[in-house]
Every structure is written in structure tokens, then in C-alpha cells.
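J.: Questions regarding the structure given below will be posed in turn.
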Amino acid sequence: MKRGDLARRFARALRAVPGNLREDLWTRAAGDPLPRTARRPRWLDWRPAIVVPLVIIAVVLVVPHANQYTSDYGMSAPFSVLLAAIGSAALVAAVFRPVQAWWATMGVTLVVTRFAAAPGLVPTDFPWTGTDFALQAAVLFLLALRVRPRIAVEVLVITVLMGLFCGVLISGVPSDPRFPVTVLALAVLVGALLRGRQVARTELVAQEELTAEERARRALLEERSRIARELHDVVAHHMSVISIQAQVAPHLAENPSAELRENLTGIRQNAIDALTELRRVLGVLRSEDALPESARHAPQPTLDQLEEVVANVRAAGVTVTTETTGDPLPLSPGIELSAFRIVQEALSNAMRHAPGARVRVDIDHRATRLTVRITNTAPKRPAPPSPGVGHGLLGMRERTTMLGGELACGPTPEGGYEVTAVLPTKPPAAPAPSALPAAEPVEDTR
């Protein structure tokens, strides 16, 4: 980089200094509170516990400060008490308004310097001695906890320059700044590091929450994609049946009219077109399926195959009892498939999370609903650690919601677990046209 470019950048940085100082130390003088996290409260939540000892310390410091100002600098007693009270109050105010508290300490320092520099007084190392210096270090530490590092550095530099200036006014020569500058810099450094640690922790917690949300969203999409792959087979079967029926229908009617033949041909063609599009979509959904080719195109299971799943679970050493009540009625393939998957997932969860427990499967057939209940007793031994996050309950809920049913799952009073799914077998009857209310806009809250 050329020297001219460096000089221009340096000049531009110098011109920006007054604006930055005004922005940091005046316009935004309220401080930058740390963001609140969901898992760990920020340190400002402990302000009641912090303020009480600070108030005690501030009250105790008023008396020695006032005595020092009166005896060493010749101030009147009321004025000494006022300045000492302002300086001590700044220590407490730094918890709430750190920049304003720092301004207050700087104002007190200038006023006291005016009296300390009067002729005839013995020169001192004010403001870098005794309680005044400790007060400055404490205020800078509290300020560094609340503001950005750049503001803390600006305040530190101004404080050091102010101390050197006051030393020149009092004794005519600048005081040795090595020890006080080291102490003030350490106070700012420790405060900035603690603030940075809390900010990093806050960002980490926020990132973990975001990652958890993304993981849950991805699990939901994966489960919905799996359900869609299964239901596409069911829909494709129905479309194939419609196509065949439309092709056969003209041969079942005696002397069908040309209009009827034309309409049935159109129905068949539309069914074939829809079936073609469904196969394309199904090919896209199955392109990322890890199942073997034979399993991809296998017929979707129904409740008639439930005994095979129960037999496999029993072969694994789990005691499973089944009971079917009511009169079984013809069910749609979607309900059959969803009920089978819910029982299958519930049995898998019981094997994984309740070792040694007994499992009961109840299927209740009613005219308007199918109720599936899977209950297991309390486990006899601790469950092994899970290899990862499963989608069992999520898939059950998605399948039940898709059919307009209800799903309830949770622990039982005996220490076991129960899953109950109610699947409607008939769609709700549409209201009469006269009973329909006026259309109102509905907000989509999905």
C-alpha cells in the first residue's frame, strides 16, 4: 500500500474521532445492556444483590472523602460532603448508567483539582491516590461490563489523560503514570473480558436454539416426505382404478350415446394424465429414498398385516397382547396405512424406550371412527442410550392431523406410556347451503 493511501486513511480516521466520541460518550451514553438468554440470566438480573453492597460501600466512602477534601484542599464542609456524595453515588449509578457515572467522576475530579492546585497547598498525587483512585477503577470496571470494548478504551484513554492533566495542574509536573495506568487498564480489561464471555455465551445459546429449530423443521419435512411417498401409492392406485372403470363403462351400458362415450373417454384420459404426473412426482420423492428398489415399490401395508409386525416384536422377547373390538368396516387405504404405521411406530418406541415392559394393542372399530391405543407398562430396566433423535411421535401426529383425527400420548400413572389415535372413517357432513354463514377472511396460521 502506498504512503499516500496510508496518510489519507489516517487523516480520515482522525476526522472521524470527534464524531465517534460524541456518538459513544454522549448520544449513546445509556450503555449497551447484554442480551438476555433463555438458559442463563445475564449479570444485570443480579443487580439487587450487587447494588446493596455498593450502596453500603458508597455511604462508607462519603465520610473519608469529605474529610480529605476539607482538611487537604481547604473546601467548606457542605461542599466537601456534596462532592464526596456525588463521587460515591457514581459507584452505584455505574450499574445502571455507566457512562453518566463516569462523567460524574470526571466532573468531581476537575472540581477537586481546582482546589488542590491552589497556592500554598502541599502538592499531592491526586487523583491517583487513595479512595479516589479506587473509585475510578471500580467505575471503569462496571462501565466495561456494560459497553462495547471501543467505548471502554475511549473512556480509559480520556481518564488517563485527565489524570496526567490534573497532576500537571497540581504539582507542575506529570505524575508517574505506570502503576495507575496498569491498574485502570486491568480493570477495563477484566470487565471487557467478562462482557465478551457473556456475549459469546449468548450467541452460542442463540445458535443452539436456531440449530434445534432447524433440526426439528428438517425432521418434520422428512417425515412429511415419507408420508407423501406412501400416500402417492394409494392415490396412484385410485387413479388407475378410475381409468379402468372409465374404459370399461361404455361396454356395460346398452347402446351408449356419443356424448357418454366422449365424457368417459375424457375421464379416462384425465385419469391417465394425472397418473403420469403422480408417477413423476413419486419418482422425485423416491430419488432420495435409501430403501432398496424392491421395498420402494412394495404394496403399502394395511391392518391385515398387523399380526406380522406383532409376531416380529414377540420374537424379539416383548410380551404383546392385541384386542380388536367392534365390527370391522371397509376402510380407505389412507386410514389403513396410517393406523398400521402408528401401531408400528408405537411398538418400536416401546421396544426402544421400555425394555422388559408388556405392551397392549387395542383397535376399536366404530361407524364413524377407528381408535388405536398402544399402552406399555413401566420398564423393568433402564433403556439404553438413544442413537439419535427419532421421528416416531412426529410421524404419528402428522398422520393423525392429515386425516383430521386426534392423537394423545403421554406417561401413565403406573409409570408406563400410552399412545391413542382416533381416526375418523367418514368425512364430516357438509352443512346445508342455507345454514352456511357469510364468508369471512381467515388468517393462515400454519
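If you're wondering about the labels, chains in the C-alpha cells are A, B, ... by order shown, residues count from 1 in each chain, ligands from 1 in order shown.
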For segment 112-208 of chain A against segment 81-102 of chain A, with a cut-off of 10 Å and counting only C-alpha atoms, what is the closest atom pair and its distance in Å to one decimal for every residue that makes the cut, ordered by chain and number, as a Markdown table?
T.:
| residue | atom | partner | partner_atom | distance |
| --- | --- | --- | --- | --- |
| A:Val112 | CA | A:Leu83 | CA | 8.3 |
| A:Asp132 | CA | A:Gly87 | CA | 8.3 |
| A:Leu135 | CA | A:Leu91 | CA | 6.9 |
| A:Gln136 | CA | A:Trp102 | CA | 8.0 |
| A:Ala137 | CA | A:Leu91 | CA | 10.0 |
| A:Ala138 | CA | A:Leu91 | CA | 7.1 |
| A:Val139 | CA | A:Leu91 | CA | 5.8 |
| A:Leu140 | CA | A:Trp102 | CA | 7.4 |
| A:Phe141 | CA | A:Ala94 | CA | 9.2 |
| A:Leu142 | CA | A:Ala94 | CA | 6.0 |
| A:Leu143 | CA | A:Pro98 | CA | 4.8 |
| A:Ala144 | CA | A:Pro98 | CA | 8.5 |
| A:Leu145 | CA | A:Pro98 | CA | 9.0 |
| A:Arg146 | CA | A:Pro98 | CA | 7.1 |
| A:Val147 | CA | A:Pro98 | CA | 8.2 |
| A:Ile151 | CA | A:Val99 | CA | 9.2 |
| A:Ala152 | CA | A:Val99 | CA | 9.4 |
| A:Val155 | CA | A:Trp102 | CA | 8.2 |
| A:Thr159 | CA | A:Trp102 | CA | 9.1 |
J.: Would you save the residues of that selection, restricted to N, CA and C atoms, as a PDB file, in the first residue's frame?
T.:
ATOM      1  N   VAL A 112     -12.222  19.052  42.232  1.00  0.00           N
ATOM      2  CA  VAL A 112     -11.266  18.863  43.325  1.00  0.00           C
ATOM      3  C   VAL A 112      -9.876  19.323  42.906  1.00  0.00           C
ATOM      4  N   ASP A 132      -9.996   7.865  45.952  1.00  0.00           N
ATOM      5  CA  ASP A 132     -10.397   8.437  44.662  1.00  0.00           C
ATOM      6  C   ASP A 132      -9.955   7.531  43.514  1.00  0.00           C
ATOM      7  N   LEU A 135     -12.055   4.397  43.456  1.00  0.00           N
ATOM      8  CA  LEU A 135     -13.375   4.694  42.914  1.00  0.00           C
ATOM      9  C   LEU A 135     -13.343   4.751  41.395  1.00  0.00           C
ATOM     10  N   GLN A 136     -12.309   5.372  40.832  1.00  0.00           N
ATOM     11  CA  GLN A 136     -12.189   5.429  39.373  1.00  0.00           C
ATOM     12  C   GLN A 136     -12.060   4.027  38.773  1.00  0.00           C
ATOM     13  N   ALA A 137     -11.228   3.187  39.380  1.00  0.00           N
ATOM     14  CA  ALA A 137     -11.037   1.828  38.864  1.00  0.00           C
ATOM     15  C   ALA A 137     -12.336   1.031  38.920  1.00  0.00           C
ATOM     16  N   ALA A 138     -13.101   1.179  40.003  1.00  0.00           N
ATOM     17  CA  ALA A 138     -14.364   0.443  40.127  1.00  0.00           C
ATOM     18  C   ALA A 138     -15.368   0.901  39.080  1.00  0.00           C
ATOM     19  N   VAL A 139     -15.456   2.219  38.857  1.00  0.00           N
ATOM     20  CA  VAL A 139     -16.391   2.740  37.853  1.00  0.00           C
ATOM     21  C   VAL A 139     -15.997   2.264  36.457  1.00  0.00           C
ATOM     22  N   LEU A 140     -14.707   2.271  36.147  1.00  0.00           N
ATOM     23  CA  LEU A 140     -14.263   1.785  34.838  1.00  0.00           C
ATOM     24  C   LEU A 140     -14.564   0.298  34.662  1.00  0.00           C
ATOM     25  N   PHE A 141     -14.423  -0.491  35.714  1.00  0.00           N
ATOM     26  CA  PHE A 141     -14.736  -1.919  35.624  1.00  0.00           C
ATOM     27  C   PHE A 141     -16.220  -2.131  35.334  1.00  0.00           C
ATOM     28  N   LEU A 142     -17.091  -1.449  36.066  1.00  0.00           N
ATOM     29  CA  LEU A 142     -18.527  -1.581  35.833  1.00  0.00           C
ATOM     30  C   LEU A 142     -18.915  -1.060  34.454  1.00  0.00           C
ATOM     31  N   LEU A 143     -18.240  -0.015  34.003  1.00  0.00           N
ATOM     32  CA  LEU A 143     -18.524   0.516  32.669  1.00  0.00           C
ATOM     33  C   LEU A 143     -18.135  -0.495  31.593  1.00  0.00           C
ATOM     34  N   ALA A 144     -16.975  -1.162  31.755  1.00  0.00           N
ATOM     35  CA  ALA A 144     -16.539  -2.137  30.754  1.00  0.00           C
ATOM     36  C   ALA A 144     -17.479  -3.329  30.663  1.00  0.00           C
ATOM     37  N   LEU A 145     -18.213  -3.601  31.747  1.00  0.00           N
ATOM     38  CA  LEU A 145     -19.190  -4.687  31.709  1.00  0.00           C
ATOM     39  C   LEU A 145     -20.414  -4.348  30.863  1.00  0.00           C
ATOM     40  N   ARG A 146     -20.672  -3.059  30.659  1.00  0.00           N
ATOM     41  CA  ARG A 146     -21.915  -2.649  30.033  1.00  0.00           C
ATOM     42  C   ARG A 146     -21.779  -2.123  28.612  1.00  0.00           C
ATOM     43  N   VAL A 147     -20.603  -1.689  28.208  1.00  0.00           N
ATOM     44  CA  VAL A 147     -20.467  -1.026  26.909  1.00  0.00           C
ATOM     45  C   VAL A 147     -19.526  -1.824  26.021  1.00  0.00           C
ATOM     46  N   ILE A 151     -15.796   1.718  23.327  1.00  0.00           N
ATOM     47  CA  ILE A 151     -16.165   2.775  24.265  1.00  0.00           C
ATOM     48  C   ILE A 151     -15.331   2.664  25.532  1.00  0.00           C
ATOM     49  N   ALA A 152     -15.105   1.430  26.004  1.00  0.00           N
ATOM     50  CA  ALA A 152     -14.296   1.250  27.213  1.00  0.00           C
ATOM     51  C   ALA A 152     -12.868   1.761  27.003  1.00  0.00           C
ATOM     52  N   VAL A 155     -12.906   5.597  27.033  1.00  0.00           N
ATOM     53  CA  VAL A 155     -13.033   6.103  28.402  1.00  0.00           C
ATOM     54  C   VAL A 155     -11.707   5.945  29.148  1.00  0.00           C
ATOM     55  N   THR A 159      -9.577   9.005  30.707  1.00  0.00           N
ATOM     56  CA  THR A 159      -9.304   9.007  32.144  1.00  0.00           C
ATOM     57  C   THR A 159      -7.815   9.182  32.417  1.00  0.00           C
TER      58      THR A 159
END
J.: What does the distance from atom CA of Gly416 of chain A to atom CA of Thr375 of chain A come to in Å, to one decimal?
T.: 7.3 Å
J.: Using only C-alpha atoms, pick whichever of A:Asn270, A:Gln245, A:Thr401, A:Asn376 has the shortest atom-to-atom distance to Val419 of chain A.
T.: A:Asn376
J.: Would you mind writing down, as a ChimeraX atom specification, each residue of segment 304-381 of chain A that DSSP on the backbone assigns to helix (DSSP H, G or I)?
T.: /A:304-315,333-353
J.: Got a sec: who's within 12 Å of Asn312 of chain A, counting only C-alpha atoms, leaving out chain neighbours fewer than 5 positions off, as a list of chain:residue names?
T.: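 These residues fall inside the cut-off: A:Gln305, A:Leu306, A:Glu307, A:Gly317, A:Val318, A:Thr319, A:Val320, A:Gln344, A:Leu347, A:Ser348, A:Met351.
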J.: Create the file for the chosen residues now, containing all heavy atoms and written as a PDB file, in the first residue's frame.
T.:
ATOM      1  N   GLN A 305     -52.058 -56.872   7.958  1.00  0.00           N
ATOM      2  CA  GLN A 305     -50.675 -57.313   8.142  1.00  0.00           C
ATOM      3  C   GLN A 305     -50.124 -56.974   9.525  1.00  0.00           C
ATOM      4  O   GLN A 305     -48.922 -57.125   9.777  1.00  0.00           O
ATOM      5  CB  GLN A 305     -49.782 -56.684   7.065  1.00  0.00           C
ATOM      6  CG  GLN A 305     -50.207 -57.033   5.656  1.00  0.00           C
ATOM      7  CD  GLN A 305     -49.450 -56.207   4.629  1.00  0.00           C
ATOM      8  OE1 GLN A 305     -49.971 -55.242   4.077  1.00  0.00           O
ATOM      9  NE2 GLN A 305     -48.214 -56.598   4.362  1.00  0.00           N
ATOM     10  N   LEU A 306     -50.994 -56.507  10.414  1.00  0.00           N
ATOM     11  CA  LEU A 306     -50.527 -56.095  11.734  1.00  0.00           C
ATOM     12  C   LEU A 306     -50.014 -57.277  12.547  1.00  0.00           C
ATOM     13  O   LEU A 306     -49.086 -57.131  13.349  1.00  0.00           O
ATOM     14  CB  LEU A 306     -51.667 -55.387  12.479  1.00  0.00           C
ATOM     15  CG  LEU A 306     -51.270 -54.597  13.723  1.00  0.00           C
ATOM     16  CD1 LEU A 306     -50.241 -53.535  13.379  1.00  0.00           C
ATOM     17  CD2 LEU A 306     -52.497 -53.964  14.358  1.00  0.00           C
ATOM     18  N   GLU A 307     -50.611 -58.451  12.343  1.00  0.00           N
ATOM     19  CA  GLU A 307     -50.165 -59.626  13.103  1.00  0.00           C
ATOM     20  C   GLU A 307     -48.717 -59.975  12.787  1.00  0.00           C
ATOM     21  O   GLU A 307     -48.000 -60.490  13.650  1.00  0.00           O
ATOM     22  CB  GLU A 307     -51.090 -60.808  12.804  1.00  0.00           C
ATOM     23  CG  GLU A 307     -52.433 -60.730  13.490  1.00  0.00           C
ATOM     24  CD  GLU A 307     -52.311 -60.675  15.007  1.00  0.00           C
ATOM     25  OE1 GLU A 307     -51.393 -61.321  15.555  1.00  0.00           O
ATOM     26  OE2 GLU A 307     -53.132 -59.994  15.653  1.00  0.00           O
ATOM     27  N   GLY A 317     -38.681 -60.840  22.070  1.00  0.00           N
ATOM     28  CA  GLY A 317     -38.748 -61.021  23.515  1.00  0.00           C
ATOM     29  C   GLY A 317     -39.711 -60.088  24.221  1.00  0.00           C
ATOM     30  O   GLY A 317     -39.691 -60.036  25.456  1.00  0.00           O
ATOM     31  N   VAL A 318     -40.560 -59.385  23.512  1.00  0.00           N
ATOM     32  CA  VAL A 318     -41.509 -58.446  24.120  1.00  0.00           C
ATOM     33  C   VAL A 318     -42.874 -59.122  24.208  1.00  0.00           C
ATOM     34  O   VAL A 318     -43.342 -59.748  23.237  1.00  0.00           O
ATOM     35  CB  VAL A 318     -41.609 -57.149  23.302  1.00  0.00           C
ATOM     36  CG1 VAL A 318     -42.590 -56.181  23.954  1.00  0.00           C
ATOM     37  CG2 VAL A 318     -40.240 -56.505  23.168  1.00  0.00           C
ATOM     38  N   THR A 319     -43.521 -59.000  25.352  1.00  0.00           N
ATOM     39  CA  THR A 319     -44.856 -59.555  25.540  1.00  0.00           C
ATOM     40  C   THR A 319     -45.881 -58.573  24.980  1.00  0.00           C
ATOM     41  O   THR A 319     -46.016 -57.453  25.481  1.00  0.00           O
ATOM     42  CB  THR A 319     -45.133 -59.819  27.024  1.00  0.00           C
ATOM     43  OG1 THR A 319     -44.138 -60.703  27.540  1.00  0.00           O
ATOM     44  CG2 THR A 319     -46.506 -60.418  27.218  1.00  0.00           C
ATOM     45  N   VAL A 320     -46.596 -58.989  23.935  1.00  0.00           N
ATOM     46  CA  VAL A 320     -47.567 -58.122  23.271  1.00  0.00           C
ATOM     47  C   VAL A 320     -48.910 -58.832  23.232  1.00  0.00           C
ATOM     48  O   VAL A 320     -48.993 -59.997  22.817  1.00  0.00           O
ATOM     49  CB  VAL A 320     -47.124 -57.772  21.829  1.00  0.00           C
ATOM     50  CG1 VAL A 320     -48.127 -56.813  21.196  1.00  0.00           C
ATOM     51  CG2 VAL A 320     -45.741 -57.167  21.831  1.00  0.00           C
ATOM     52  N   GLN A 344     -47.096 -49.560  14.368  1.00  0.00           N
ATOM     53  CA  GLN A 344     -45.709 -49.977  14.151  1.00  0.00           C
ATOM     54  C   GLN A 344     -44.729 -49.061  14.882  1.00  0.00           C
ATOM     55  O   GLN A 344     -43.795 -49.530  15.549  1.00  0.00           O
ATOM     56  CB  GLN A 344     -45.419 -49.982  12.649  1.00  0.00           C
ATOM     57  CG  GLN A 344     -44.059 -50.530  12.280  1.00  0.00           C
ATOM     58  CD  GLN A 344     -43.815 -50.470  10.781  1.00  0.00           C
ATOM     59  OE1 GLN A 344     -44.148 -49.477  10.135  1.00  0.00           O
ATOM     60  NE2 GLN A 344     -43.259 -51.544  10.230  1.00  0.00           N
ATOM     61  N   LEU A 347     -44.984 -49.578  18.738  1.00  0.00           N
ATOM     62  CA  LEU A 347     -44.311 -50.791  19.181  1.00  0.00           C
ATOM     63  C   LEU A 347     -42.792 -50.618  19.157  1.00  0.00           C
ATOM     64  O   LEU A 347     -42.086 -51.077  20.068  1.00  0.00           O
ATOM     65  CB  LEU A 347     -44.728 -51.959  18.282  1.00  0.00           C
ATOM     66  CG  LEU A 347     -46.178 -52.443  18.439  1.00  0.00           C
ATOM     67  CD1 LEU A 347     -46.482 -53.528  17.410  1.00  0.00           C
ATOM     68  CD2 LEU A 347     -46.436 -52.971  19.840  1.00  0.00           C
ATOM     69  N   SER A 348     -42.288 -49.946  18.128  1.00  0.00           N
ATOM     70  CA  SER A 348     -40.839 -49.702  18.068  1.00  0.00           C
ATOM     71  C   SER A 348     -40.384 -48.839  19.234  1.00  0.00           C
ATOM     72  O   SER A 348     -39.329 -49.092  19.844  1.00  0.00           O
ATOM     73  CB  SER A 348     -40.484 -49.032  16.739  1.00  0.00           C
ATOM     74  OG  SER A 348     -40.822 -49.866  15.650  1.00  0.00           O
ATOM     75  N   MET A 351     -40.263 -50.928  22.426  1.00  0.00           N
ATOM     76  CA  MET A 351     -39.090 -51.795  22.470  1.00  0.00           C
ATOM     77  C   MET A 351     -37.831 -50.999  22.796  1.00  0.00           C
ATOM     78  O   MET A 351     -36.952 -51.474  23.512  1.00  0.00           O
ATOM     79  CB  MET A 351     -38.922 -52.503  21.126  1.00  0.00           C
ATOM     80  CG  MET A 351     -40.023 -53.490  20.787  1.00  0.00           C
ATOM     81  SD  MET A 351     -39.806 -54.177  19.126  1.00  0.00           S
ATOM     82  CE  MET A 351     -38.200 -54.954  19.276  1.00  0.00           C
TER      83      MET A 351
END
